[in-house]
>>> print(open('my_file16.cif').read())   # mmCIF, C-alpha atoms
data_data
#
loop_
_atom_site.group_PDB
_atom_site.id
_atom_site.type_symbol
_atom_site.label_atom_id
_atom_site.label_comp_id
_atom_site.auth_asym_id
_atom_site.auth_seq_id
_atom_site.Cartn_x
_atom_site.Cartn_y
_atom_site.Cartn_z
ATOM 1 C CA MET A 1 -27.110 30.777 -18.122
ATOM 2 C CA THR A 2 -26.226 27.457 -19.615
ATOM 3 C CA GLY A 3 -22.981 25.654 -20.274
ATOM 4 C CA ALA A 4 -19.637 26.262 -18.569
ATOM 5 C CA THR A 5 -16.047 26.944 -19.443
ATOM 6 C CA ALA A 6 -13.228 25.771 -17.208
ATOM 7 C CA GLY A 7 -11.988 28.610 -15.055
ATOM 8 C CA ARG A 8 -14.508 31.009 -16.538
ATOM 9 C CA GLY A 9 -17.816 30.007 -15.020
ATOM 10 C CA PRO A 10 -21.117 29.761 -16.886
ATOM 11 C CA THR A 11 -21.289 30.611 -20.573
ATOM 12 C CA VAL A 12 -23.077 33.864 -21.381
ATOM 13 C CA ARG A 13 -25.667 33.347 -24.121
ATOM 14 C CA VAL A 14 -26.116 36.421 -26.322
ATOM 15 C CA LEU A 15 -28.717 37.505 -28.879
ATOM 16 C CA VAL A 16 -27.624 40.281 -31.261
ATOM 17 C CA ALA A 17 -30.380 42.553 -32.645
ATOM 18 C CA ASP A 18 -29.424 45.037 -35.384
ATOM 19 C CA ASP A 19 -30.944 45.766 -38.782
ATOM 20 C CA HIS A 20 -27.557 46.050 -40.536
ATOM 21 C CA PRO A 21 -26.098 42.640 -41.501
ATOM 22 C CA VAL A 22 -22.532 43.964 -41.582
ATOM 23 C CA VAL A 23 -22.880 45.438 -38.098
ATOM 24 C CA ARG A 24 -24.373 42.200 -36.752
ATOM 25 C CA SER A 25 -21.511 40.221 -38.262
ATOM 26 C CA GLY A 26 -18.978 42.589 -36.734
ATOM 27 C CA ILE A 27 -20.498 42.324 -33.270
ATOM 28 C CA ILE A 28 -20.721 38.548 -33.512
ATOM 29 C CA GLY A 29 -17.106 38.412 -34.655
ATOM 30 C CA MET A 30 -16.038 40.448 -31.628
ATOM 31 C CA LEU A 31 -17.798 38.075 -29.265
ATOM 32 C CA ASP A 32 -17.080 34.738 -30.944
ATOM 33 C CA GLY A 33 -13.473 34.636 -29.795
ATOM 34 C CA GLU A 34 -14.477 34.625 -26.123
ATOM 35 C CA PRO A 35 -14.565 31.126 -24.566
ATOM 36 C CA ASP A 36 -17.308 32.074 -22.104
ATOM 37 C CA VAL A 37 -19.580 33.907 -24.564
ATOM 38 C CA GLU A 38 -21.880 32.208 -27.082
ATOM 39 C CA VAL A 39 -23.932 34.089 -29.678
ATOM 40 C CA VAL A 40 -27.114 32.009 -29.887
ATOM 41 C CA GLY A 41 -29.013 34.114 -32.428
ATOM 42 C CA GLU A 42 -29.328 37.324 -34.410
ATOM 43 C CA ALA A 43 -32.332 39.472 -35.278
ATOM 44 C CA PRO A 44 -32.750 42.059 -38.072
ATOM 45 C CA ASP A 45 -35.673 43.874 -36.425
ATOM 46 C CA GLY A 46 -37.410 44.380 -33.097
ATOM 47 C CA GLU A 47 -40.238 41.919 -33.652
ATOM 48 C CA THR A 48 -37.785 39.136 -34.427
ATOM 49 C CA ALA A 49 -35.695 40.104 -31.398
ATOM 50 C CA VAL A 50 -38.713 39.714 -29.117
ATOM 51 C CA ALA A 51 -39.613 36.355 -30.642
ATOM 52 C CA LEU A 52 -36.057 34.992 -30.428
ATOM 53 C CA ALA A 53 -35.594 36.268 -26.885
ATOM 54 C CA GLY A 54 -38.542 34.111 -25.853
ATOM 55 C CA GLU A 55 -37.486 31.130 -27.960
ATOM 56 C CA LEU A 56 -33.728 31.062 -27.312
ATOM 57 C CA ALA A 57 -33.675 32.330 -23.701
ATOM 58 C CA PRO A 58 -30.415 34.315 -24.001
ATOM 59 C CA ASP A 59 -28.776 35.861 -20.952
ATOM 60 C CA VAL A 60 -28.084 39.138 -22.745
ATOM 61 C CA VAL A 61 -29.666 40.882 -25.727
ATOM 62 C CA LEU A 62 -27.521 43.481 -27.499
ATOM 63 C CA MET A 63 -30.191 45.787 -28.888
ATOM 64 C CA ASP A 64 -29.918 48.467 -31.567
ATOM 65 C CA LEU A 65 -32.286 51.428 -31.186
ATOM 66 C CA ARG A 66 -33.269 52.134 -34.787
ATOM 67 C CA MET A 67 -34.813 49.044 -36.381
ATOM 68 C CA PRO A 68 -37.798 48.290 -38.644
ATOM 69 C CA ARG A 69 -41.109 46.765 -37.543
ATOM 70 C CA LEU A 70 -40.423 47.501 -33.865
ATOM 71 C CA ASP A 71 -37.699 49.810 -32.570
ATOM 72 C CA GLY A 72 -35.206 48.905 -29.873
ATOM 73 C CA VAL A 73 -37.093 50.664 -27.088
ATOM 74 C CA GLY A 74 -40.333 48.866 -27.926
ATOM 75 C CA ALA A 75 -38.558 45.526 -28.206
ATOM 76 C CA THR A 76 -36.759 46.109 -24.911
ATOM 77 C CA ALA A 77 -40.004 46.906 -23.117
ATOM 78 C CA ARG A 78 -41.643 43.726 -24.404
ATOM 79 C CA ILE A 79 -38.670 41.499 -23.575
ATOM 80 C CA VAL A 80 -38.380 42.925 -20.060
ATOM 81 C CA ALA A 81 -42.128 42.613 -19.480
ATOM 82 C CA ALA A 82 -42.082 38.973 -20.597
ATOM 83 C CA ALA A 83 -39.124 38.244 -18.304
ATOM 84 C CA ARG A 84 -40.857 39.814 -15.316
ATOM 85 C CA GLY A 85 -43.915 37.720 -16.016
ATOM 86 C CA GLY A 86 -41.932 34.470 -16.108
ATOM 87 C CA ALA A 87 -42.284 32.138 -13.153
ATOM 88 C CA THR A 88 -39.000 30.262 -13.403
ATOM 89 C CA ARG A 89 -36.458 32.346 -15.317
ATOM 90 C CA ARG A 90 -34.870 35.718 -14.760
ATOM 91 C CA GLY A 91 -33.736 37.760 -17.736
ATOM 92 C CA PRO A 92 -32.668 38.265 -20.405
ATOM 93 C CA HIS A 93 -30.891 41.521 -19.658
ATOM 94 C CA VAL A 94 -31.052 44.033 -22.499
ATOM 95 C CA VAL A 95 -28.046 46.210 -23.319
ATOM 96 C CA VAL A 96 -28.667 48.916 -25.891
ATOM 97 C CA LEU A 97 -25.820 49.111 -28.418
ATOM 98 C CA THR A 98 -26.290 52.131 -30.647
ATOM 99 C CA THR A 99 -24.740 55.170 -32.287
ATOM 100 C CA TYR A 100 -27.290 57.491 -30.637
ATOM 101 C CA ASP A 101 -26.532 59.098 -27.267
ATOM 102 C CA THR A 102 -29.079 61.907 -26.896
ATOM 103 C CA ASP A 103 -30.728 62.414 -23.511
ATOM 104 C CA ALA A 104 -34.094 61.379 -24.932
ATOM 105 C CA ASP A 105 -32.745 58.098 -26.360
ATOM 106 C CA ILE A 106 -30.952 57.228 -23.125
ATOM 107 C CA LEU A 107 -33.975 57.941 -20.943
ATOM 108 C CA ARG A 108 -36.367 56.032 -23.198
ATOM 109 C CA ALA A 109 -34.110 52.972 -23.143
ATOM 110 C CA VAL A 110 -33.660 53.047 -19.375
ATOM 111 C CA GLU A 111 -37.366 53.587 -18.785
ATOM 112 C CA ALA A 112 -38.088 50.589 -21.029
ATOM 113 C CA GLY A 113 -35.987 48.440 -18.721
ATOM 114 C CA ALA A 114 -32.569 48.281 -20.412
ATOM 115 C CA THR A 115 -29.771 47.088 -18.112
ATOM 116 C CA GLY A 116 -27.145 49.002 -20.031
ATOM 117 C CA TYR A 117 -26.433 51.552 -22.745
ATOM 118 C CA LEU A 118 -23.274 51.261 -24.863
ATOM 119 C CA LEU A 119 -22.181 52.998 -28.047
ATOM 120 C CA LYS A 120 -21.023 51.209 -31.175
ATOM 121 C CA ASP A 121 -17.567 52.749 -30.912
ATOM 122 C CA THR A 122 -17.059 50.935 -27.603
ATOM 123 C CA PRO A 123 -13.685 49.090 -27.636
ATOM 124 C CA ARG A 124 -13.940 45.318 -27.995
ATOM 125 C CA ASP A 125 -12.656 44.554 -24.490
ATOM 126 C CA ASP A 126 -15.157 46.985 -22.953
ATOM 127 C CA LEU A 127 -18.004 45.467 -24.974
ATOM 128 C CA VAL A 128 -17.131 41.943 -23.831
ATOM 129 C CA ALA A 129 -16.779 43.102 -20.227
ATOM 130 C CA GLY A 130 -20.132 44.845 -20.539
ATOM 131 C CA VAL A 131 -21.825 41.680 -21.785
ATOM 132 C CA ARG A 132 -20.436 39.702 -18.847
ATOM 133 C CA ALA A 133 -21.473 42.386 -16.363
ATOM 134 C CA ALA A 134 -24.975 42.613 -17.823
ATOM 135 C CA ALA A 135 -25.366 38.842 -17.538
ATOM 136 C CA ARG A 136 -24.685 39.255 -13.809
ATOM 137 C CA GLY A 137 -27.424 41.858 -13.636
ATOM 138 C CA GLU A 138 -25.067 44.814 -13.329
ATOM 139 C CA THR A 139 -25.755 48.184 -14.940
ATOM 140 C CA VAL A 140 -23.502 48.883 -17.939
ATOM 141 C CA LEU A 141 -23.124 52.456 -19.200
ATOM 142 C CA ALA A 142 -20.764 53.957 -21.754
ATOM 143 C CA PRO A 143 -18.448 56.705 -20.476
ATOM 144 C CA GLY A 144 -20.378 59.946 -20.544
ATOM 145 C CA VAL A 145 -23.779 58.280 -20.658
ATOM 146 C CA ALA A 146 -23.831 57.900 -16.877
ATOM 147 C CA THR A 147 -23.178 61.604 -16.420
ATOM 148 C CA ARG A 148 -25.881 62.552 -18.892
ATOM 149 C CA LEU A 149 -28.326 60.184 -17.242
ATOM 150 C CA VAL A 150 -27.701 61.688 -13.813
ATOM 151 C CA THR A 151 -28.074 65.179 -15.243
ATOM 152 C CA SER A 152 -31.334 64.211 -16.948
ATOM 153 C CA VAL A 153 -32.716 62.805 -13.711
ATOM 154 C CA ARG A 154 -31.737 65.943 -11.834
ATOM 155 C CA THR A 155 -33.497 68.139 -14.373
ATOM 156 C CA ALA A 156 -36.635 65.978 -14.476
ATOM 157 C CA ALA A 157 -38.193 68.218 -11.844
ATOM 158 C CA GLU A 158 -37.641 71.142 -14.168
ATOM 159 C CA ARG A 159 -39.851 69.832 -16.938
ATOM 160 C CA PRO A 160 -42.167 72.383 -18.565
ATOM 161 C CA THR A 161 -45.706 72.920 -17.437
ATOM 162 C CA ALA A 162 -48.443 71.719 -19.777
ATOM 163 C CA ARG A 163 -48.867 75.237 -21.158
ATOM 164 C CA GLU A 164 -45.113 75.757 -21.626
ATOM 165 C CA ALA A 165 -44.959 72.459 -23.508
ATOM 166 C CA GLU A 166 -47.826 73.574 -25.749
ATOM 167 C CA VAL A 167 -46.061 76.846 -26.500
ATOM 168 C CA LEU A 168 -42.778 75.075 -27.267
ATOM 169 C CA ALA A 169 -44.534 72.595 -29.553
ATOM 170 C CA LEU A 170 -46.075 75.412 -31.586
ATOM 171 C CA VAL A 171 -42.800 77.326 -31.706
ATOM 172 C CA ALA A 172 -41.191 74.127 -33.035
ATOM 173 C CA GLN A 173 -43.723 74.260 -35.890
ATOM 174 C CA GLY A 174 -42.399 77.694 -36.815
ATOM 175 C CA LEU A 175 -45.215 79.822 -35.398
ATOM 176 C CA SER A 176 -44.498 83.356 -34.205
ATOM 177 C CA ASN A 177 -45.397 84.446 -30.685
ATOM 178 C CA ALA A 178 -48.461 86.210 -32.033
ATOM 179 C CA ALA A 179 -49.555 83.093 -33.946
ATOM 180 C CA VAL A 180 -49.005 80.926 -30.886
ATOM 181 C CA GLY A 181 -51.156 83.321 -28.880
ATOM 182 C CA ARG A 182 -53.961 83.111 -31.426
ATOM 183 C CA GLU A 183 -53.708 79.310 -31.499
ATOM 184 C CA LEU A 184 -53.919 78.998 -27.710
ATOM 185 C CA TYR A 185 -56.239 81.996 -27.159
ATOM 186 C CA ILE A 186 -53.755 83.774 -24.909
ATOM 187 C CA ALA A 187 -52.035 87.157 -25.114
ATOM 188 C CA GLU A 188 -48.727 87.486 -26.926
ATOM 189 C CA ALA A 189 -47.176 88.755 -23.688
ATOM 190 C CA THR A 190 -48.289 85.562 -21.968
ATOM 191 C CA VAL A 191 -46.648 83.516 -24.718
ATOM 192 C CA LYS A 192 -43.393 85.390 -24.118
ATOM 193 C CA THR A 193 -43.656 84.686 -20.390
ATOM 194 C CA HIS A 194 -44.110 80.961 -20.962
ATOM 195 C CA LEU A 195 -41.177 80.945 -23.395
ATOM 196 C CA LEU A 196 -38.885 82.765 -20.971
ATOM 197 C CA ARG A 197 -39.712 80.261 -18.235
ATOM 198 C CA ALA A 198 -39.036 77.391 -20.632
ATOM 199 C CA PHE A 199 -35.743 79.019 -21.675
ATOM 200 C CA ALA A 200 -34.675 79.147 -18.011
ATOM 201 C CA LYS A 201 -35.489 75.465 -17.468
ATOM 202 C CA LEU A 202 -33.638 74.492 -20.637
ATOM 203 C CA GLY A 203 -30.648 76.732 -19.983
ATOM 204 C CA VAL A 204 -30.969 78.522 -23.346
ATOM 205 C CA ASP A 205 -31.705 82.041 -24.482
ATOM 206 C CA ASP A 206 -33.310 81.744 -27.917
ATOM 207 C CA ARG A 207 -36.140 79.917 -29.657
ATOM 208 C CA THR A 208 -34.015 77.714 -31.916
ATOM 209 C CA ALA A 209 -31.890 76.434 -29.053
ATOM 210 C CA ALA A 210 -35.014 75.906 -26.945
ATOM 211 C CA VAL A 211 -36.566 73.642 -29.579
ATOM 212 C CA THR A 212 -33.308 71.723 -30.091
ATOM 213 C CA VAL A 213 -32.682 71.078 -26.388
ATOM 214 C CA ALA A 214 -36.347 70.340 -25.688
ATOM 215 C CA ARG A 215 -36.279 67.610 -28.344
ATOM 216 C CA GLU A 216 -33.047 66.171 -26.934
ATOM 217 C CA ARG A 217 -34.659 65.936 -23.512
ATOM 218 C CA GLY A 218 -37.767 64.325 -24.894
ATOM 219 C CA TRP A 219 -40.036 67.290 -24.184
ATOM 220 C CA LEU A 220 -41.163 67.450 -27.796
ATOM 221 C CA PRO A 221 -41.998 64.740 -30.357
#
>>> encode(input="my_file16.cif", output="structure tokens")
Amino acid sequence: MTGATAGRGPTVRVLVADDHPVVRSGIIGMLDGEPDVEVVGEAPDGETAVALAGELAPDVVLMDLRMPRLDGVGATARIVAAARGGATRRGPHVVVLTTYDTDADILRAVEAGATGYLLKDTPRDDLVAGVRAAARGETVLAPGVATRLVTSVRTAAERPTAREAEVLALVAQGLSNAAVGRELYIAEATVKTHLLRAFAKLGVDDRTAAVTVARERGWLP
């Protein structure tokens, strides 16, 4: 961190990455009124975010997930990797700020190295507090995201076998059990067995729900 504000400690330098100009302006406006927070740059896509993170050395990057050229997860992974490879500087810390809160999105962001995960409807005071906490290296999670993350970790051991994943992927393409069996050279009864096991792991009881939940958990593309 650089700079200081009397009674507030070091100034938190922030880079805002979002492909929507109006959203970027809104976020910057929310942060600009804070005496200990300085927005040092803004990026309209992931590639620019990575470049500016290296050039401007912010303490925190507020990162959207859906962006052109390079998405938020890819940009986060590259920023975190560059920071870990640095010899003299720690950070920046990446906080995902998005409208998406599916299990798959949350897990991908955390696995990429994000320090936090906030939603765009986060109240201003909570956003500012989250930026300060992230700058200190603390984990920042929106209400509900923490619970979903814990649940996802607990169910990680219940991921489908390779064959169950193959069956689910073909079912997601609209194939019948018989067609799946022909595609994988297995009996239709075996397909049903794999599906029933996948249903149990997913906590569902029909094919449509299985595909929906499997995608949310990142089991399917």
>>> closest_residue(input="my_file16.cif", among="A:Lys201, A:Arg78, A:Arg215, A:Arg13", to="Ala109 of chain A", atoms="all atoms listed in the file")
A:Arg78
>>> closest_residue(input="my_file16.cif", among="A:Val167, A:Leu97, A:Leu195, A:Ile186", to="Thr122 of chain A", atoms="only C-alpha atoms")
A:Leu97
>>> atom_distance(input="my_file16.cif", atom1="atom CA of Val39 of chain A", atom2="atom CA of Val140 of chain A")
18.9 Å
>>> atom_distance(input="my_file16.cif", atom1="atom CA of His194 of chain A", atom2="atom CA of Ala169 of chain A")
12.0 Å
>>> residues_around(input="my_file16.cif", residues="Leu168 of chain A", least_positions_apart="4", cutoff="9 Å", atoms="all atoms listed in the file", output="PyMOL selection string")
chain A and resi 163-164+172-173+194-195+198+207+210-211+214+219-220
>>> write_last_selection(input="my_file16.cif", atoms="C-alpha atoms", output="mmCIF file, keeping the file's coordinate frame")
data_model
loop_
_atom_site.group_PDB
_atom_site.id
_atom_site.type_symbol
_atom_site.label_atom_id
_atom_site.label_comp_id
_atom_site.auth_asym_id
_atom_site.auth_seq_id
_atom_site.Cartn_x
_atom_site.Cartn_y
_atom_site.Cartn_z
ATOM 1 C CA ARG A 163 -48.867 75.237 -21.158
ATOM 2 C CA GLU A 164 -45.113 75.757 -21.626
ATOM 3 C CA ALA A 172 -41.191 74.127 -33.035
ATOM 4 C CA GLN A 173 -43.723 74.260 -35.890
ATOM 5 C CA HIS A 194 -44.110 80.961 -20.962
ATOM 6 C CA LEU A 195 -41.177 80.945 -23.395
ATOM 7 C CA ALA A 198 -39.036 77.391 -20.632
ATOM 8 C CA ARG A 207 -36.140 79.917 -29.657
ATOM 9 C CA ALA A 210 -35.014 75.906 -26.945
ATOM 10 C CA VAL A 211 -36.566 73.642 -29.579
ATOM 11 C CA ALA A 214 -36.347 70.340 -25.688
ATOM 12 C CA TRP A 219 -40.036 67.290 -24.184
ATOM 13 C CA LEU A 220 -41.163 67.450 -27.796
#
>>> closest_residue(input="my_file16.cif", among="A:Asn177, A:Asp103, A:Glu47, A:Asp18", to="Thr190 of chain A", atoms="all atoms listed in the file")
A:Asn177
>>> atom_distance(input="my_file16.cif", atom1="atom CA of Met63 of chain A", atom2="atom CA of Ala83 of chain A")
15.8 Å
>>> closest_residue(input="my_file16.cif", among="A:Leu65, A:Val171, A:Ala146, A:Val128", to="Gly33 of chain A", atoms="only C-alpha atoms")
A:Val128
>>> closest_residue(input="my_file16.cif", among="A:Ala43, A:Val73, A:Ala135, A:Ala142", to="Ala114 of chain A", atoms="only C-alpha atoms")
A:Val73
>>> closest_residue(input="my_file16.cif", among="A:Pro10, A:Gly113, A:Pro44, A:Pro58", to="Val23 of chain A", atoms="only C-alpha atoms")
A:Pro44
>>> resolve_selection(input="my_file16.cif", expression="the PyMOL selection byres ((chain A and resi 124) around 12)", output="list in words")
Gly26, Ile27, Ile28, Gly29, Met30, Leu31, Asp32, Gly33, Glu34, Leu118, Leu119, Lys120, Asp121, Thr122, Pro123, Asp125, Asp126, Leu127, Val128, Ala129, Gly130 and Val131 of chain A
>>> axis_aligned_box(input="my_file16.cif", around="segment 183-188 of chain A", padding_each_side="8 Å", output="lines of an AutoDock Vina configuration file")
center_x = -52.5
center_y = 83.2
center_z = -28.2
size_x = 23.5
size_y = 24.5
size_z = 22.6
>>> resolve_selection(input="my_file16.cif", expression="the PyMOL selection byres ((chain A and resi 139) around 9)", output="number ranges by chain")
A: 95, 114-117, 130, 133-134, 137-138, 140-141
>>> residues_around(input="my_file16.cif", residues="Gly46 of chain A", least_positions_apart="6", cutoff="9 Å", atoms="only C-alpha atoms", output="ChimeraX atom specification")
/A:17-19,63-76
>>> write_last_selection(input="my_file16.cif", atoms="C-alpha atoms", output="PDB file, in the coordinates of the input")
ATOM      1  CA  ALA A  17     -30.380  42.553 -32.645  1.00  0.00           C
ATOM      2  CA  ASP A  18     -29.424  45.037 -35.384  1.00  0.00           C
ATOM      3  CA  ASP A  19     -30.944  45.766 -38.782  1.00  0.00           C
ATOM      4  CA  MET A  63     -30.191  45.787 -28.888  1.00  0.00           C
ATOM      5  CA  ASP A  64     -29.918  48.467 -31.567  1.00  0.00           C
ATOM      6  CA  LEU A  65     -32.286  51.428 -31.186  1.00  0.00           C
ATOM      7  CA  ARG A  66     -33.269  52.134 -34.787  1.00  0.00           C
ATOM      8  CA  MET A  67     -34.813  49.044 -36.381  1.00  0.00           C
ATOM      9  CA  PRO A  68     -37.798  48.290 -38.644  1.00  0.00           C
ATOM     10  CA  ARG A  69     -41.109  46.765 -37.543  1.00  0.00           C
ATOM     11  CA  LEU A  70     -40.423  47.501 -33.865  1.00  0.00           C
ATOM     12  CA  ASP A  71     -37.699  49.810 -32.570  1.00  0.00           C
ATOM     13  CA  GLY A  72     -35.206  48.905 -29.873  1.00  0.00           C
ATOM     14  CA  VAL A  73     -37.093  50.664 -27.088  1.00  0.00           C
ATOM     15  CA  GLY A  74     -40.333  48.866 -27.926  1.00  0.00           C
ATOM     16  CA  ALA A  75     -38.558  45.526 -28.206  1.00  0.00           C
ATOM     17  CA  THR A  76     -36.759  46.109 -24.911  1.00  0.00           C
TER      18      THR A  76
END
>>> resolve_selection(input="my_file16.cif", expression="the PyMOL selection byres ((chain A and resi 59) around 8)", output="PyMOL selection string")
chain A and resi 1+12-14+57-58+60-61+91-93+135
